[in-house]
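Take a look at the structure below.
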Amino acid sequence: MIGLRSNQKYYRWKQRKLYYICTLLRWSKLRWIILSILFFIFITEFYENRSITYPAFIQITINKFYSNSKEQDNSTNPDHIIILMNDRAPAYNLAVPPDERPFADPDRAQARLLEQLHFFDTCRRDPSTIVVHIGAYLGDFGLYSAACGCTVYMFEVKPEVVRLINSSIRHNSFPSSRLHFIQKIVSDLPSNTTVKYPPGDGSPPIIDDYISVQTIRLDDIKWPSQSIFMLKIDVDGYELNVLRSATKLFAEKRIQHLIFKYHPWLHNRTTQEILMPYVKNELKPKLMYNLYRTDNTIYGPLRLRDIKVFYEQHIKLDLAADIYAAFSDKTLKSSIKSKPYFKNKHVIPE
């Protein structure tokens with residue numbers, strides 16, 4: 001009888017042991033499935049943001065899960081809303097019209113380029129680092145630069161966006177010493193010349209609400225530092241006029257990096273056709289690269305043969321692009337991860 005009870009206890013113990021082992025195995029299998037799913041999510045998110053640092057990636061992930069690009073209540077200002085822009089770290093507030101949203105997809109290649117230039121680290125390490133944003137529109141690049149800690153100069157004259165930029169500045173609580181907003185047109189005309197805006201291109205006007213604004217040359221501004229770290233330009237086809245206003249700054253090698261928008265179909269055909277050769281031959285950058293908003297890839301360095309055909313390739317496809325030019329001796333070809341321009345899938349058939 002005693003032996004039978006001992007056997008029963010032994011078998012019950014063995015069954016429990018087997019049960020716990022099976023449970024552990026099932027949990028172990030489930031655990032690996034859960035970890036695999038989480039790892040897949042991580043890789044997917046990191047692939048989309050692979051041009052940023054790990055701390056910044058973690059911050060972006062936290063922002064996505066907890067703030068989810070939320071819109072702040074702005075009932076006192078019905079003409080615009082405030083959006084938390086957290087597609088990259090650090091996040092910042094952006095004022096936009098109620099019926100308009102900024103692109104959900106950031107400038108991928110530009111974000112990757114800024115990472116390779118150590119843009120965020122440079123701003124944090126030295127707050128006197130100057131970033132100039134001309135044709136700011138909503139001011140997203142200038143606001144992001146100020147959030148990174150740089151000293152920013154933004155230029156914009158459109159009345160409807162001037163109000164939005166001022167609202168963004170207030171909602172970010174940037175000190176006046178960090179962000180300077182100048183309501184003048186940057187041009188190669190003598191500074192303080194009064195012109196009408198929009199300037200027109202010689203074609204019959206389609207709007208009647210012109211405003212009078214003053215011009216300013218970049219060479220005439222008393223910059224607080226000897227060097228401008230980044231000059232970014234997007235002025236709807238008048239990029240050449242802006243660049244010609246800074247001939248002295250370029251000649252004295254006071255501009256380290258330049259990004260400008262290339263609109264082959266805007267303004268005057270001749271002006272757009274000579275823009276790239278002007279940058280290459282007159283400003284003499286060390287390196288030039290081609291970027292696209294929806295592509296992670298940086299193409300270049302651009303060779304002389306690439307620049308000669310650049311206009312025709314892009315005007316044929318009505319394709320806008322960003323151009324990056326490096327003037328700093330510290331920017332080496334090996335520091336920019338890129339593909340050769342002849343592999344540019346946007347203009348060259350595979």
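Residue numbers start at 1 in each chain; chains themselves are named A, B, ... in the order of the structure tokens; ligands are numbered from 1 in the order shown.
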Subject >> Test item: residues at most 12 Å from His118 of chain A, only C-alpha atoms, excluding those fewer than 2 positions along its chain, as a ChimeraX atom specification >> reply: /A:51-53,111-116,120-125,148,229-230,330-331,335-336
Residues within 12 Å of Ser328 of chain A, please, as a compact mmCIF listing (two decimals) with C-alpha atoms, in the first residue's frame. Count only C-alpha atoms; anything in the same chain fewer than 3 positions from it doesn't count.
```txt
# COMPACT_ATOMS: atom_id res chain seq x y z
CA LEU A 117 27.80 66.29 -41.67
CA SER A 227 31.86 81.31 -40.87
CA ILE A 228 28.37 80.25 -41.99
CA PHE A 229 28.03 76.53 -41.43
CA MET A 230 24.98 75.98 -43.65
CA PHE A 250 32.16 82.57 -51.06
CA GLU A 252 36.55 84.47 -48.58
CA LYS A 253 35.53 80.82 -47.97
CA ARG A 254 33.15 81.83 -45.18
CA ILE A 255 30.39 79.46 -46.28
CA GLN A 256 31.06 75.80 -45.48
CA HIS A 257 27.98 74.05 -46.86
CA LEU A 258 25.30 75.00 -49.38
CA LYS A 284 34.26 76.52 -56.86
CA PRO A 285 32.96 74.00 -54.31
CA LYS A 286 35.12 71.05 -53.31
CA LEU A 287 32.29 68.60 -54.00
CA MET A 288 28.73 68.67 -55.40
CA ALA A 325 27.83 71.81 -52.45
CA THR A 331 34.41 67.62 -45.98
CA LEU A 332 36.04 64.67 -47.66
CA LYS A 333 34.63 62.51 -50.42
```
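Taking atom CA of His180 of chain A and atom CA of Asn86 of chain A as endpoints, the distance between them is 22.7 Å.
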**OP:** Identify which of the residues A:Ser212, A:Ser173, A:Thr151, A:Gln183 lies closest to Pro198 of chain A, counting only C-alpha atoms when measuring atom-to-atom distances.
**Re:**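 The shortest atom-to-atom distance to Pro198 of chain A comes from A:Ser212.
One finds atom CA of Leu231 of chain A at 11.6 Å from atom CA of Thr129 of chain A.
DSSP on the backbone gives strand (DSSP E) for these parts of segment 97-179 of chain A: Ile130, Val131, Val132, His133, Ile134, Thr151, Val152, Tyr153, Met154, Phe155 and Leu179 of chain A.
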Take the residues that were just selected and, keeping all heavy atoms, output them as a CSV table (one decimal), in the first residue's frame.
```csv
chain,number,residue,atom,x,y,z
A,130,ILE,N,26.3,79.2,-37.3
A,130,ILE,CA,25.3,79.9,-38.0
A,130,ILE,C,24.7,79.0,-39.1
A,130,ILE,O,25.4,78.4,-39.9
A,130,ILE,CB,25.9,81.2,-38.6
A,130,ILE,CG1,26.3,82.1,-37.5
A,130,ILE,CG2,24.9,81.9,-39.6
A,130,ILE,CD1,26.9,83.4,-38.0
A,131,VAL,N,23.3,79.0,-39.2
A,131,VAL,CA,22.6,78.4,-40.3
A,131,VAL,C,21.7,79.5,-40.9
A,131,VAL,O,21.0,80.2,-40.2
A,131,VAL,CB,21.7,77.3,-39.8
A,131,VAL,CG1,20.8,76.8,-40.9
A,131,VAL,CG2,22.6,76.1,-39.2
A,132,VAL,N,21.7,79.6,-42.2
A,132,VAL,CA,20.9,80.6,-42.9
A,132,VAL,C,19.9,79.9,-43.8
A,132,VAL,O,20.3,79.1,-44.6
A,132,VAL,CB,21.9,81.6,-43.8
A,132,VAL,CG1,21.0,82.6,-44.5
A,132,VAL,CG2,22.9,82.2,-42.9
A,133,HIS,N,18.7,80.3,-43.7
A,133,HIS,CA,17.6,79.6,-44.4
A,133,HIS,C,16.9,80.7,-45.2
A,133,HIS,O,16.2,81.6,-44.6
A,133,HIS,CB,16.6,78.9,-43.5
A,133,HIS,CG,15.6,78.1,-44.2
A,133,HIS,ND1,14.5,77.6,-43.6
A,133,HIS,CD2,15.5,77.7,-45.5
A,133,HIS,CE1,13.8,76.9,-44.4
A,133,HIS,NE2,14.4,77.0,-45.6
A,134,ILE,N,17.0,80.8,-46.5
A,134,ILE,CA,16.5,81.8,-47.4
A,134,ILE,C,15.3,81.2,-48.2
A,134,ILE,O,15.5,80.2,-48.8
A,134,ILE,CB,17.5,82.4,-48.3
A,134,ILE,CG1,18.7,83.0,-47.5
A,134,ILE,CG2,16.9,83.4,-49.2
A,134,ILE,CD1,19.9,83.4,-48.3
A,151,THR,N,22.5,79.0,-34.2
A,151,THR,CA,22.1,80.4,-34.4
A,151,THR,C,21.5,80.5,-35.8
A,151,THR,O,22.3,80.2,-36.8
A,151,THR,CB,23.2,81.4,-34.2
A,151,THR,OG1,23.7,81.2,-32.8
A,151,THR,CG2,22.7,82.8,-34.4
A,152,VAL,N,20.3,80.8,-36.0
A,152,VAL,CA,19.6,80.7,-37.2
A,152,VAL,C,19.1,82.1,-37.7
A,152,VAL,O,18.6,82.9,-37.0
A,152,VAL,CB,18.4,79.8,-37.1
A,152,VAL,CG1,17.6,79.7,-38.5
A,152,VAL,CG2,18.8,78.4,-36.7
A,153,TYR,N,19.3,82.3,-39.1
A,153,TYR,CA,18.8,83.5,-39.7
A,153,TYR,C,17.8,83.0,-40.8
A,153,TYR,O,18.2,82.3,-41.7
A,153,TYR,CB,19.9,84.3,-40.4
A,153,TYR,CG,20.8,85.0,-39.4
A,153,TYR,CD1,21.8,84.3,-38.7
A,153,TYR,CD2,20.7,86.4,-39.1
A,153,TYR,CE1,22.6,84.9,-37.7
A,153,TYR,CE2,21.5,87.0,-38.2
A,153,TYR,CZ,22.4,86.3,-37.5
A,153,TYR,OH,23.2,86.9,-36.6
A,154,MET,N,16.6,83.4,-40.7
A,154,MET,CA,15.5,83.0,-41.7
A,154,MET,C,15.1,84.2,-42.4
A,154,MET,O,14.8,85.3,-41.8
A,154,MET,CB,14.4,82.3,-41.0
A,154,MET,CG,14.7,80.9,-40.4
A,154,MET,SD,13.2,79.9,-40.2
A,154,MET,CE,12.2,80.9,-39.1
A,155,PHE,N,14.9,84.1,-43.8
A,155,PHE,CA,14.4,85.1,-44.6
A,155,PHE,C,13.1,84.7,-45.3
A,155,PHE,O,13.1,83.7,-46.0
A,155,PHE,CB,15.5,85.5,-45.7
A,155,PHE,CG,16.7,86.0,-45.1
A,155,PHE,CD1,17.7,85.2,-44.5
A,155,PHE,CD2,17.0,87.4,-45.1
A,155,PHE,CE1,18.9,85.7,-44.0
A,155,PHE,CE2,18.2,87.9,-44.5
A,155,PHE,CZ,19.1,87.1,-44.0
A,179,LEU,N,17.3,82.7,-32.9
A,179,LEU,CA,16.6,82.8,-34.2
A,179,LEU,C,16.3,84.2,-34.6
A,179,LEU,O,15.6,84.9,-33.9
A,179,LEU,CB,15.3,81.9,-34.1
A,179,LEU,CG,14.8,81.4,-35.4
A,179,LEU,CD1,13.9,80.2,-35.2
A,179,LEU,CD2,13.9,82.5,-36.1
```
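When atom CA of Glu156 of chain A is paired with atom CA of Gly135 of chain A, their separation reads 5.3 Å.
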Subject >> Distance criterion (only C-alpha atoms): nearest to Ala146 of chain A out of A:Phe119, A:Asn344, A:Arg178, A:Asp126 >> reply: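 Answer, going by the shortest atom-to-atom distance: A:Arg178.
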